[in-house]
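Structure record follows, encoded as structure tokens.
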Amino acid sequence: MANEKIEGVLKPVKKGHGGIHVSHNKNTSKCAIVRMPAPAKVVLPMQQHIGAPCTPTVAVGDEVKIGQVIGDTDAFVSTPVHATVSGKVTAIGPVKVANGSMVQAVTIESDGKMELSEDIKPPKIDTKDDFLKAVRASGLVGLGGAGFPTHVKLAFKEDSGVDTLIINAAECEPFITVDHRECIDNSWDVLSGVYTIKEILGFKNVYIAIEDNKSDAFTELMKVAADNADWDDSVKLVMLPSQYPQGAEKVLIQSVTGRQVPPGKLPSDVGVVVMNVQSISFLGRYLKTGKPLVSRSLTVDGSAIAEPKNIRVPIGTLITDIIDFCGGFKAEPYKVIGGGPMMGMSLYDINVPLLKNNNAVLAFSADTIKVKPERACIRCGRCVQACPMSLMPTKIETRAHLKDVEGCQAAGAMTCMECGSCAFACPSGRPLVQYMRLAKAVIREGSAK
Amino acid sequence: MELNNKLTVSASPHVKSAETTTGIMLDVIIALLPAGIASIFVFGIRALLVIAVSVASCVLAEYLSRKAMKRDQTIGDLSAVVTGLLLAYNLPSTIPVWEVIFGAIVAIVVVKQMFGGIGQNFVNPALLARIVLISAFPSRMSAGAFVGTNVVGWDVDGVTGATPMGLISLADGIKDGAPSLMHLFLGTTAGCIGEVSALALLLGGIYLIIRKVISPIIPCVYIGTVALIMLIAFGDVNAMLYEVLGGGLMIGAIFMATDYTTSPITDKGKIIYALGCGLLTCLIRLFGSLPEGVSFSIIIMNILVPHIENWTKPTIFGTVKEKKEKKEAAE
């Protein structure tokens with residue numbers, strides 16, 4: 001399937017089913033990423049990724065420097081955790097994290113010097129194995145939100161038919177602009193990462209996919225690419241329509257390549273690897289400097305935030321410190337969200353650390369975040385129209401309430417990616433994502449028996 | 001900063017569309033206004049009385065039945081108002097007031113609330129109430145009942161006497177004394193309160209489609225099917241237009257068949273359902289002993305909706321390929 005070209009930028013090959021139009025609210029798209037000064041302390045949970053938790057490799061009282069490994073494990077599906085400020089380890093023990101669970105964590109009190117560890121040096125890469133080892137050592141996980149260890153994603157077999165790399169800069173979540181800023185503020189890192197990975201892993205097709213509401217990102221990337229003679233035109237930009245959830249992995253793959261990832265399968269099963277633009281930009285920098293993942297960029301916005309910003313923050317910084325850096329609350333916060341308003345998690349407490357995969361902190365006052373009372377389903381079918389996976393959310397809800405394991409399975413509940421399009425569209429205010437999770441729980445319980 | 005226990009925690013998404021059930025019902029009410037206004041011009045103040053009694057009794061019936069069942073009050077969603085309007089629009093202006101009240105009780109208490117309220121009824125409440133009234137009081141619901149009051153001094157030849165659908169048959173074509181196509185289009189003819197003016201109903205339909213309250217599939221396929229079959233049956237464009245504009249087809253196709261609760265939620269399902277409605281309407285009109293078949297057709301198709309939905313489930317993302325692969329593997 002061929003993409004049609006429009007002035008050097010490709011159009012999507014296929015328009016999928018469903019999706020919704022949600023106000024973009026990209027208020028911070030002109031705010032260049034600024035660096036937040038070292039916080040007084042950071043709390044670094046030993047599990048900030050999908051996979052095995054790490055074990056602390058430091059003890060209370062140890063002096064640490066930025067980039068020093070403080071937690072690791074022998075498991076393959078896991079990534080090490082590094083110190084993100086220089087200072088002294090003051091506590092090791094369970095702490096509560098954003099999702100409410102207690103996780104083993106290392107607390108470091110900053111000495112304010114932000115000294116880099118002497119161990120940091122650019123990784124030496126001769127083979128693909130060296131590269132994957134280096135990626136693991138960098139502590140990188142998918143920075144778009146999933147938190148899946150990148151080295152696992154990239155460790156596909158050579159005969160597996162993986163031929164395409166898609167860099168996800170669609171950023172379809174409202175409010176968040178940090179991927180957009182990454183394309184502009186760190187365009188060189190992005191492209192350097194892309195070309196290096198393409199060469200090492202031998203991708204035939206490489207696409208950078210961006211929604212059409214970020215025209216300056218296209219301009220900037222094309223300008224930087226044109227200025228560098230080493231970079232040929234093998235990496236293509238794809239301009240996607242600004243429709244939620246364009247950046248969802250399966251939707252993105254379909255838009256860019258026309259391929260559909262079957263339920264329960266991974267992108268690599270259809271020959272595709274998708275990486276978030278911040279992940280690739282980090283890799284670009286890491287391969288040059290060897291500085292592991294110790295900070296990340298995020299958007300801080302919402303009606304209750306005094307000074308909305310895009311900021312670069314040491315991982316493990318408390319959300320409350322981040323909000324203070326952005327001028328604090330200008331109105332009483334009713335809801336604070338880690339991530340975007342469509343898929344993010346509402347926080348019960350802001351004294352929790354920022355994790356590697358957290359791309360936004362949004363705070364809203366009560367009058368600005370609509371609460372729709374839950375009413376009976378009127379079978380209007382808007383959820384069915386909205387579902388990008390072509391499911392029938394209202395039918396799944398009925399099956400879930402009946403605890404009908406086979407019914408939930410047959411209705412495809414497991415294919416639901418919880419993008420929230422159905423619940424957004426529902427005029428009766430039904431919390432459909434909650435019910436999809438219920439359906440999944442029904443299936444899990446049923447199959448455990 | 002101490003914020004514990006003050007922050008609201010709920011499942012994502014944290015933003016919702018501005019659409020509400022009440023808003024949708026309000027749009028339907030707005031879309032029904034032109035037909036109501038037209039009916040007052042054609043049938044006089046008596047039409048307004050029937051509409052007012054019907055709406056008031058539907059809302060009261062809903063209020064009292066929710067109260068009796070100790071359930072949350074739902075009259076605020078305005079769906080009872082819509083049912084009341086639709087019921088009135090499907091009755092002749094000469095109907096006694098107590099029969100309207102009886103119809104409202106059937107629609108709201110028996111058909112809607114006894115099955116669980118909004119979203120749960122398996123047939124259209126207003127239509128079933130109309131059918132109950134036709135069966136219970138046949139003389140007041142047919143031929144002679146459709147008397148209009150010539151309030152605006154229009155040429156309203158067709159207003160008294162039989163419904164226009166009684167003045168056309170497969171054997172004789174359009175009979176003498178039948179209203180002209182222009183009368184049918186404007187609504188200056190005999191019939192139920194809200195069904196007579198094709199123009200007013202089309203305006204309402206266009207409003208609903210623009211506001212995205214209804215999908216154009218059901219009205220287009222339903223009316224299209226009737227038009228096609230009638231064109232073939234009569235071999236005459238005038239007779240086809242007479243069938244399309246006359247009787248309850250417009251109100252049925254635009255407002256009754258598109259009821260969310262009793263029509264399929266899938267697009268493919270909507271096509272099958274509307275085709276079925278069109279086919280049955282034509283069969284009843286052409287071969288049945290009743291002059292009109294819209295109500296029965298829609299009710300029959302309402303009952304088939306759960307099956308139609310099962311046959312037309314959308315293909316889940318990523319599963320098409322699997323099937324194709326299996327086919328390829330089998331070959």
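Ordering of the structure tokens sets the chain letters (A, B, ...); residue numbers start at 1 within each chain; ligands are numbered from 1 in the order shown.
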
* Within 7 Å of Met25 in chain B, counting only C-alpha atoms, which residues show up once you throw out same-chain ones fewer than 4 positions away? Write them as a list of chain:residue names, please. =>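 Listing them by chain and then by number gives B:Thr21, B:Ile29, B:Leu78, B:Ser79, B:Val82.
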
* If you run DSSP on the backbone, which residues of range 112-313 of chain B are strand (DSSP E), as JSON, numbers by chain? -> {"B": [168, 169, 173, 174]}

Okay, now the selection with all heavy atoms, as a short mmCIF file (atom, residue, chain, number, x, y, z; two decimals), in the first residue's frame?
data_model
loop_
_atom_site.label_atom_id
_atom_site.label_comp_id
_atom_site.auth_asym_id
_atom_site.auth_seq_id
_atom_site.Cartn_x
_atom_site.Cartn_y
_atom_site.Cartn_z
N ILE B 168 -56.31 5.31 -2.73
CA ILE B 168 -55.40 4.79 -3.75
C ILE B 168 -55.38 3.28 -3.61
O ILE B 168 -55.42 2.75 -2.50
CB ILE B 168 -53.98 5.39 -3.60
CG1 ILE B 168 -53.08 4.95 -4.75
CG2 ILE B 168 -53.37 5.06 -2.25
CD1 ILE B 168 -51.75 5.71 -4.81
N SER B 169 -55.42 2.59 -4.72
CA SER B 169 -55.30 1.14 -4.65
C SER B 169 -54.60 0.65 -5.89
O SER B 169 -54.54 1.35 -6.91
CB SER B 169 -56.68 0.48 -4.52
OG SER B 169 -57.34 0.55 -5.77
N GLY B 173 -55.52 2.70 -9.01
CA GLY B 173 -54.61 3.84 -8.98
C GLY B 173 -55.16 4.90 -8.04
O GLY B 173 -55.90 4.59 -7.10
N ILE B 174 -54.84 6.17 -8.31
CA ILE B 174 -55.34 7.26 -7.47
C ILE B 174 -56.81 7.48 -7.83
O ILE B 174 -57.15 7.71 -8.99
CB ILE B 174 -54.54 8.56 -7.68
CG1 ILE B 174 -53.05 8.30 -7.41
CG2 ILE B 174 -55.08 9.68 -6.81
CD1 ILE B 174 -52.15 9.46 -7.71
#

Spatial neighbours of range 229-238 of chain A, max dist 8 Å, only C-alpha atoms, sep filter under 4 positions, as a PDB file with C-alpha atoms, in the first residue's frame:
ATOM      1  CA  GLY A   8       7.212  15.988   0.962  1.00  0.00           C
ATOM      2  CA  VAL A   9       4.875  14.794   3.708  1.00  0.00           C
ATOM      3  CA  LEU A  10       2.862  11.591   3.425  1.00  0.00           C
ATOM      4  CA  LYS A  11      -0.858  11.244   4.009  1.00  0.00           C
ATOM      5  CA  PRO A  12      -2.278   8.341   6.002  1.00  0.00           C
ATOM      6  CA  TYR A 195      18.705   7.463  11.727  1.00  0.00           C
ATOM      7  CA  ASN A 205      10.588   1.965   6.337  1.00  0.00           C
ATOM      8  CA  VAL A 206      10.764   4.680   8.942  1.00  0.00           C
ATOM      9  CA  TYR A 207       7.945   7.122   9.505  1.00  0.00           C
ATOM     10  CA  ILE A 208       7.554  10.027  11.892  1.00  0.00           C
ATOM     11  CA  ALA A 209       3.812  10.427  12.398  1.00  0.00           C
ATOM     12  CA  ILE A 210       2.451  13.786  13.583  1.00  0.00           C
ATOM     13  CA  PHE A 218       6.876  19.386  10.281  1.00  0.00           C
ATOM     14  CA  ALA A 225      16.970  17.109   8.080  1.00  0.00           C
ATOM     15  CA  VAL A 256       0.507   4.856   8.595  1.00  0.00           C
TER      16      VAL A 256
END

* Which of range 109-195 of chain A counts as alpha helix (DSSP H) under DSSP, as number ranges by chain please? -> A: 128-137, 150-154, 178-185, 187-195

For the residues selected in the previous step, produce a file with C-alpha atoms as a PDB file, in the first residue's frame.
ATOM      1  CA  LYS A 128      22.937  -5.278  17.630  1.00  0.00           C
ATOM      2  CA  ASP A 129      23.479  -7.072  20.962  1.00  0.00           C
ATOM      3  CA  ASP A 130      25.698  -4.255  22.211  1.00  0.00           C
ATOM      4  CA  PHE A 131      22.991  -1.834  21.245  1.00  0.00           C
ATOM      5  CA  LEU A 132      20.230  -3.692  23.082  1.00  0.00           C
ATOM      6  CA  LYS A 133      22.430  -4.034  26.182  1.00  0.00           C
ATOM      7  CA  ALA A 134      23.126  -0.310  26.062  1.00  0.00           C
ATOM      8  CA  VAL A 135      19.412   0.462  25.717  1.00  0.00           C
ATOM      9  CA  ARG A 136      18.655  -1.696  28.744  1.00  0.00           C
ATOM     10  CA  ALA A 137      21.426  -0.016  30.716  1.00  0.00           C
ATOM     11  CA  THR A 150      12.383  -0.323  25.122  1.00  0.00           C
ATOM     12  CA  HIS A 151      15.125  -2.941  24.814  1.00  0.00           C
ATOM     13  CA  VAL A 152      12.465  -5.673  24.963  1.00  0.00           C
ATOM     14  CA  LYS A 153      10.459  -3.994  22.239  1.00  0.00           C
ATOM     15  CA  LEU A 154      13.527  -3.670  20.040  1.00  0.00           C
ATOM     16  CA  VAL A 178       5.451  17.987  25.194  1.00  0.00           C
ATOM     17  CA  ASP A 179       5.927  15.630  22.219  1.00  0.00           C
ATOM     18  CA  HIS A 180       5.199  18.559  19.942  1.00  0.00           C
ATOM     19  CA  ARG A 181       7.846  20.630  21.759  1.00  0.00           C
ATOM     20  CA  GLU A 182      10.328  17.739  21.594  1.00  0.00           C
ATOM     21  CA  CYS A 183      10.050  17.815  17.769  1.00  0.00           C
ATOM     22  CA  ILE A 184      10.848  21.527  17.795  1.00  0.00           C
ATOM     23  CA  ASP A 185      13.189  22.054  20.758  1.00  0.00           C
ATOM     24  CA  SER A 187      14.648  18.157  16.583  1.00  0.00           C
ATOM     25  CA  TRP A 188      18.282  17.200  16.101  1.00  0.00           C
ATOM     26  CA  ASP A 189      18.130  14.549  18.843  1.00  0.00           C
ATOM     27  CA  VAL A 190      14.946  13.124  17.354  1.00  0.00           C
ATOM     28  CA  LEU A 191      16.394  12.745  13.867  1.00  0.00           C
ATOM     29  CA  SER A 192      19.758  11.540  15.104  1.00  0.00           C
ATOM     30  CA  GLY A 193      18.004   8.848  17.144  1.00  0.00           C
ATOM     31  CA  VAL A 194      15.844   7.840  14.212  1.00  0.00           C
ATOM     32  CA  TYR A 195      18.705   7.463  11.727  1.00  0.00           C
TER      33      TYR A 195
END

Mind running chain B against chain A at 9 Å and telling me each contacting residue's nearest atom pair with the distance in Å (one decimal), counting only C-alpha atoms, chain and number ascending, as JSON lines?
{"residue": "B:Met1", "atom": "CA", "partner": "A:Thr320", "partner_atom": "CA", "distance": 7.6}
{"residue": "B:Glu2", "atom": "CA", "partner": "A:Asp349", "partner_atom": "CA", "distance": 8.7}
{"residue": "B:Leu3", "atom": "CA", "partner": "A:Asp349", "partner_atom": "CA", "distance": 6.7}
{"residue": "B:Asn4", "atom": "CA", "partner": "A:Asp349", "partner_atom": "CA", "distance": 5.7}
{"residue": "B:Asn5", "atom": "CA", "partner": "A:Tyr348", "partner_atom": "CA", "distance": 7.1}
{"residue": "B:Lys6", "atom": "CA", "partner": "A:Tyr334", "partner_atom": "CA", "distance": 7.3}
{"residue": "B:Leu7", "atom": "CA", "partner": "A:Tyr334", "partner_atom": "CA", "distance": 5.4}
{"residue": "B:Thr8", "atom": "CA", "partner": "A:Lys335", "partner_atom": "CA", "distance": 5.2}
{"residue": "B:Val9", "atom": "CA", "partner": "A:Ser346", "partner_atom": "CA", "distance": 5.2}
{"residue": "B:Ser10", "atom": "CA", "partner": "A:Ser346", "partner_atom": "CA", "distance": 6.3}
{"residue": "B:Ala11", "atom": "CA", "partner": "A:Gln434", "partner_atom": "CA", "distance": 6.0}
{"residue": "B:Ser12", "atom": "CA", "partner": "A:Met343", "partner_atom": "CA", "distance": 5.5}
{"residue": "B:Pro13", "atom": "CA", "partner": "A:Met342", "partner_atom": "CA", "distance": 4.1}
{"residue": "B:His14", "atom": "CA", "partner": "A:Pro341", "partner_atom": "CA", "distance": 5.0}
{"residue": "B:Val15", "atom": "CA", "partner": "A:Pro341", "partner_atom": "CA", "distance": 6.1}
{"residue": "B:Lys16", "atom": "CA", "partner": "A:Phe424", "partner_atom": "CA", "distance": 4.3}
{"residue": "B:Ser17", "atom": "CA", "partner": "A:Phe424", "partner_atom": "CA", "distance": 5.4}
{"residue": "B:Ala18", "atom": "CA", "partner": "A:Pro427", "partner_atom": "CA", "distance": 7.7}
{"residue": "B:Glu19", "atom": "CA", "partner": "A:Pro427", "partner_atom": "CA", "distance": 5.0}
{"residue": "B:Thr20", "atom": "CA", "partner": "A:Pro427", "partner_atom": "CA", "distance": 4.1}
{"residue": "B:Thr21", "atom": "CA", "partner": "A:Pro427", "partner_atom": "CA", "distance": 5.3}
{"residue": "B:Thr22", "atom": "CA", "partner": "A:Pro427", "partner_atom": "CA", "distance": 8.6}
{"residue": "B:Gly23", "atom": "CA", "partner": "A:Pro427", "partner_atom": "CA", "distance": 8.5}
{"residue": "B:Ile24", "atom": "CA", "partner": "A:Pro427", "partner_atom": "CA", "distance": 8.2}
{"residue": "B:Thr74", "atom": "CA", "partner": "A:Arg375", "partner_atom": "CA", "distance": 8.9}
{"residue": "B:Gly117", "atom": "CA", "partner": "A:Ala376", "partner_atom": "CA", "distance": 8.5}
{"residue": "B:Ile118", "atom": "CA", "partner": "A:Ile378", "partner_atom": "CA", "distance": 6.3}
{"residue": "B:Gly119", "atom": "CA", "partner": "A:Ile378", "partner_atom": "CA", "distance": 4.2}
{"residue": "B:Gln120", "atom": "CA", "partner": "A:Ile378", "partner_atom": "CA", "distance": 7.9}
{"residue": "B:Val213", "atom": "CA", "partner": "A:Cys380", "partner_atom": "CA", "distance": 8.7}
{"residue": "B:Ile214", "atom": "CA", "partner": "A:Cys380", "partner_atom": "CA", "distance": 8.7}
{"residue": "B:Asp259", "atom": "CA", "partner": "A:Cys380", "partner_atom": "CA", "distance": 8.5}
{"residue": "B:Tyr260", "atom": "CA", "partner": "A:Cys380", "partner_atom": "CA", "distance": 5.0}
{"residue": "B:Thr261", "atom": "CA", "partner": "A:Arg379", "partner_atom": "CA", "distance": 5.3}
{"residue": "B:Thr262", "atom": "CA", "partner": "A:Arg379", "partner_atom": "CA", "distance": 8.4}
{"residue": "B:Ser263", "atom": "CA", "partner": "A:Arg379", "partner_atom": "CA", "distance": 8.6}
{"residue": "B:Pro264", "atom": "CA", "partner": "A:Gly381", "partner_atom": "CA", "distance": 8.4}
{"residue": "B:Ile265", "atom": "CA", "partner": "A:Gly381", "partner_atom": "CA", "distance": 4.8}
{"residue": "B:Thr266", "atom": "CA", "partner": "A:Gly381", "partner_atom": "CA", "distance": 7.2}
{"residue": "B:Asp267", "atom": "CA", "partner": "A:Gln385", "partner_atom": "CA", "distance": 8.9}
{"residue": "B:Lys313", "atom": "CA", "partner": "A:Met392", "partner_atom": "CA", "distance": 8.0}
{"residue": "B:Pro314", "atom": "CA", "partner": "A:Ser390", "partner_atom": "CA", "distance": 5.9}
{"residue": "B:Thr315", "atom": "CA", "partner": "A:Ser390", "partner_atom": "CA", "distance": 6.4}
{"residue": "B:Ile316", "atom": "CA", "partner": "A:Ser390", "partner_atom": "CA", "distance": 5.0}
{"residue": "B:Phe317", "atom": "CA", "partner": "A:Met389", "partner_atom": "CA", "distance": 4.7}
{"residue": "B:Gly318", "atom": "CA", "partner": "A:Pro262", "partner_atom": "CA", "distance": 3.9}
{"residue": "B:Thr319", "atom": "CA", "partner": "A:Pro262", "partner_atom": "CA", "distance": 5.7}
{"residue": "B:Val320", "atom": "CA", "partner": "A:Pro262", "partner_atom": "CA", "distance": 8.5}
{"residue": "B:Lys321", "atom": "CA", "partner": "A:Gln260", "partner_atom": "CA", "distance": 7.4}
{"residue": "B:Glu322", "atom": "CA", "partner": "A:Pro262", "partner_atom": "CA", "distance": 7.2}

Can you write out the residues you just picked, keeping N, CA and C atoms, as a compact mmCIF listing (two decimals), in the first residue's frame?
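And here's again-v6.txt as it stands now:
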# COMPACT_ATOMS: atom_id res chain seq x y z
N MET B 1 1.59 21.04 50.86
CA MET B 1 0.15 21.32 50.77
C MET B 1 -0.66 20.07 51.07
N GLU B 2 -1.60 20.21 51.96
CA GLU B 2 -2.40 19.03 52.36
C GLU B 2 -3.69 18.97 51.55
N LEU B 3 -3.74 18.03 50.63
CA LEU B 3 -4.92 17.96 49.77
C LEU B 3 -5.62 16.62 49.89
N ASN B 4 -5.10 15.77 50.76
CA ASN B 4 -5.68 14.43 50.87
C ASN B 4 -7.18 14.48 51.09
N ASN B 5 -7.87 13.57 50.48
CA ASN B 5 -9.32 13.43 50.62
C ASN B 5 -10.09 14.58 50.00
N LYS B 6 -9.39 15.48 49.33
CA LYS B 6 -10.10 16.59 48.69
C LYS B 6 -10.17 16.40 47.19
N LEU B 7 -9.22 15.65 46.66
CA LEU B 7 -9.18 15.47 45.21
C LEU B 7 -10.20 14.41 44.79
N THR B 8 -10.82 14.65 43.65
CA THR B 8 -11.79 13.71 43.11
C THR B 8 -11.06 12.65 42.30
N VAL B 9 -11.37 11.41 42.57
CA VAL B 9 -10.75 10.32 41.82
C VAL B 9 -11.86 9.60 41.05
N SER B 10 -11.69 9.47 39.76
CA SER B 10 -12.67 8.74 38.96
C SER B 10 -11.96 8.12 37.77
N ALA B 11 -12.66 7.18 37.12
CA ALA B 11 -12.07 6.51 35.97
C ALA B 11 -11.97 7.49 34.80
N SER B 12 -10.96 7.29 33.96
CA SER B 12 -10.84 8.10 32.76
C SER B 12 -11.99 7.75 31.81
N PRO B 13 -12.33 8.54 30.86
CA PRO B 13 -11.80 9.86 30.55
C PRO B 13 -12.36 10.93 31.49
N HIS B 14 -11.57 12.00 31.62
CA HIS B 14 -11.96 13.06 32.55
C HIS B 14 -12.68 14.19 31.85
N VAL B 15 -12.77 14.12 30.53
CA VAL B 15 -13.58 15.10 29.79
C VAL B 15 -14.68 14.33 29.06
N LYS B 16 -15.82 14.96 28.94
CA LYS B 16 -16.97 14.32 28.28
C LYS B 16 -17.56 15.30 27.28
N SER B 17 -18.23 14.76 26.28
CA SER B 17 -18.87 15.62 25.30
C SER B 17 -20.00 16.40 25.97
N ALA B 18 -20.43 17.48 25.31
CA ALA B 18 -21.47 18.31 25.90
C ALA B 18 -22.86 17.72 25.70
N GLU B 19 -22.95 16.67 24.91
CA GLU B 19 -24.27 16.09 24.62
C GLU B 19 -24.87 15.40 25.85
N THR B 20 -26.16 15.59 26.04
CA THR B 20 -26.86 14.89 27.12
C THR B 20 -28.15 14.30 26.58
N THR B 21 -28.71 13.35 27.32
CA THR B 21 -29.98 12.76 26.93
C THR B 21 -31.05 13.84 26.81
N THR B 22 -31.08 14.74 27.79
CA THR B 22 -32.07 15.82 27.76
C THR B 22 -31.91 16.68 26.52
N GLY B 23 -30.66 16.98 26.17
CA GLY B 23 -30.40 17.81 24.99
C GLY B 23 -30.89 17.13 23.72
N ILE B 24 -30.66 15.82 23.63
CA ILE B 24 -31.11 15.07 22.46
C ILE B 24 -32.63 15.11 22.36
N THR B 74 -37.36 10.36 36.27
CA THR B 74 -36.71 10.52 34.96
C THR B 74 -37.45 11.50 34.05
N GLY B 117 -38.23 1.35 31.80
CA GLY B 117 -38.02 2.78 31.54
C GLY B 117 -37.21 3.04 30.29
N ILE B 118 -36.69 4.27 30.20
CA ILE B 118 -36.01 4.71 28.98
C ILE B 118 -34.90 3.73 28.58
N GLY B 119 -34.86 3.42 27.30
CA GLY B 119 -33.83 2.53 26.79
C GLY B 119 -34.14 1.06 26.89
N GLN B 120 -35.26 0.71 27.55
CA GLN B 120 -35.54 -0.71 27.79
C GLN B 120 -36.77 -1.24 27.04
N VAL B 213 -28.55 14.10 15.56
CA VAL B 213 -29.35 13.34 16.52
C VAL B 213 -29.72 11.99 15.91
N ILE B 214 -30.08 12.00 14.63
CA ILE B 214 -30.34 10.73 13.95
C ILE B 214 -29.41 10.59 12.76
N ASP B 259 -36.36 5.89 16.48
CA ASP B 259 -36.26 5.85 17.94
C ASP B 259 -35.05 5.00 18.34
N TYR B 260 -34.16 5.57 19.14
CA TYR B 260 -32.91 4.88 19.49
C TYR B 260 -33.15 3.49 20.08
N THR B 261 -34.06 3.46 21.05
CA THR B 261 -34.22 2.24 21.82
C THR B 261 -34.70 1.08 20.97
N THR B 262 -35.52 1.38 19.97
CA THR B 262 -36.15 0.30 19.23
C THR B 262 -35.65 0.18 17.80
N SER B 263 -34.46 0.75 17.53
CA SER B 263 -33.86 0.55 16.21
C SER B 263 -32.42 0.08 16.41
N PRO B 264 -31.84 -0.60 15.42
CA PRO B 264 -30.50 -1.16 15.60
C PRO B 264 -29.44 -0.08 15.79
N ILE B 265 -28.39 -0.38 16.55
CA ILE B 265 -27.35 0.62 16.77
C ILE B 265 -26.22 0.51 15.76
N THR B 266 -26.23 -0.53 14.95
CA THR B 266 -25.19 -0.65 13.93
C THR B 266 -25.71 -0.08 12.61
N ASP B 267 -24.80 0.44 11.79
CA ASP B 267 -25.22 1.02 10.51
C ASP B 267 -25.81 -0.04 9.59
N LYS B 313 -23.15 -7.42 13.88
CA LYS B 313 -22.09 -6.94 14.78
C LYS B 313 -20.91 -6.44 13.95
N PRO B 314 -20.35 -5.27 14.30
CA PRO B 314 -19.19 -4.81 13.53
C PRO B 314 -18.01 -5.77 13.70
N THR B 315 -17.19 -5.86 12.66
CA THR B 315 -16.01 -6.72 12.74
C THR B 315 -14.97 -6.05 13.63
N ILE B 316 -14.57 -6.74 14.67
CA ILE B 316 -13.63 -6.17 15.63
C ILE B 316 -12.29 -5.91 14.95
N PHE B 317 -11.69 -4.77 15.29
CA PHE B 317 -10.40 -4.34 14.72
C PHE B 317 -9.40 -5.48 14.71
N GLY B 318 -8.82 -5.71 13.56
CA GLY B 318 -7.75 -6.71 13.47
C GLY B 318 -8.24 -8.11 13.22
N THR B 319 -9.55 -8.35 13.23
CA THR B 319 -10.01 -9.73 13.06
C THR B 319 -10.30 -10.06 11.59
N VAL B 320 -10.47 -9.05 10.75
CA VAL B 320 -10.72 -9.31 9.33
C VAL B 320 -9.55 -10.07 8.75
N LYS B 321 -8.38 -9.57 9.07
CA LYS B 321 -7.17 -10.14 8.54
C LYS B 321 -7.06 -11.61 8.91
N GLU B 322 -7.35 -11.90 10.16
CA GLU B 322 -7.24 -13.28 10.63
C GLU B 322 -8.11 -14.21 9.79

* **Shell of 9 Å around range 77-88 of chain A, only C-alpha atoms, local chain residues under 6 positions omitted, as a ChimeraX atom specification** => /A:38-39,41-42,44-54,56,60-71,106-117,136-141,148-152,292-295,314-317

* Report the distance between CA of Val43 in chain A and CA of Leu318 in chain A in Å, rounded to one decimal place. => 7.3 Å

* Asked: Suppose you want the space between CA of Thr163 in chain B and CA of Ala257 in chain B; what is it in Å?
  ->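 Straight-line distance from CA of Thr163 in chain B to CA of Ala257 in chain B works out to 21.2 Å.
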
* Asked: Excluding same-chain residues fewer than 3 positions from Val273 in chain A, what lies within 10 Å of it counting only C-alpha atoms, as JSON, numbers by chain?
  -> {"A": [153, 154, 156, 162, 163, 164, 165, 166, 167, 203, 206, 249, 253, 266, 267, 268, 269, 270]}

May I have the selected residues written with C-alpha atoms, as a compact mmCIF listing (two decimals), in the first residue's frame?
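In the end it all went to result.txt:
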# COMPACT_ATOMS: atom_id res chain seq x y z
CA LYS A 153 10.46 -3.99 22.24
CA LEU A 154 13.53 -3.67 20.04
CA PHE A 156 12.74 -8.71 17.74
CA VAL A 162 9.72 -6.51 11.27
CA ASP A 163 10.45 -3.90 8.60
CA THR A 164 8.84 -0.69 9.80
CA LEU A 165 9.58 1.80 12.55
CA ILE A 166 6.98 4.43 13.37
CA ILE A 167 7.89 7.35 15.59
CA PHE A 203 14.35 -0.97 9.31
CA VAL A 206 10.76 4.68 8.94
CA GLU A 249 -0.61 2.35 18.79
CA ILE A 253 -0.14 1.61 12.69
CA LEU A 266 1.78 -7.07 19.24
CA PRO A 267 2.78 -4.51 16.61
CA SER A 268 5.80 -6.68 15.78
CA ASP A 269 3.38 -9.40 14.65
CA VAL A 270 2.50 -7.13 11.73

* **Nearest residue to Tyr273 in chain B from the set B:Gly293, B:Gly187, B:Pro306, B:Gly247 (distances using only C-alpha atoms)** =>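 For Tyr273 in chain B, the nearest of the candidates is B:Pro306.
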
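Atom pair CA of Thr196 in chain A / CA of Thr127 in chain A: separated by 12.6 Å.
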
Can you tell me, as a compact mmCIF listing (two decimals) with C-alpha atoms, in the first residue's frame, what residues are no more than 12 Å from Pro96 in chain B when counting only C-alpha atoms, ignoring any on the same chain fewer than 4 positions away?
# COMPACT_ATOMS: atom_id res chain seq x y z
CA ARG B 46 -58.68 20.80 18.71
CA ALA B 47 -55.30 19.49 17.51
CA LEU B 49 -55.86 20.21 22.80
CA VAL B 50 -55.01 16.62 21.85
CA VAL B 53 -53.46 16.37 26.83
CA SER B 54 -51.18 13.70 25.39
CA ALA B 88 -50.73 12.88 19.73
CA LEU B 91 -54.11 10.33 16.56
CA PRO B 92 -56.97 12.05 14.71
CA VAL B 100 -55.83 10.15 24.58
CA ILE B 101 -55.22 9.69 28.31
CA PHE B 102 -55.78 5.94 27.96
CA GLY B 103 -53.28 5.87 25.09
CA LEU B 133 -56.40 2.54 20.31
CA PHE B 137 -61.91 1.98 19.19
CA SER B 139 -64.61 3.65 14.54
CA ARG B 140 -62.99 6.66 16.14
CA MET B 141 -59.59 5.90 14.66
CA ALA B 145 -62.62 10.57 12.24

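Near Ile298 in chain B, within 9 Å and counting only C-alpha atoms, sit Val123, Asn124, Leu127, Gly252, Ala253, Met256, Ala257, Tyr273, Ala274, Gly276, Cys277, Gly278, Leu280, Thr281, Gly293, Val294, Asn302 and Ile303 of chain B; same-chain residues fewer than 4 positions away were not included.
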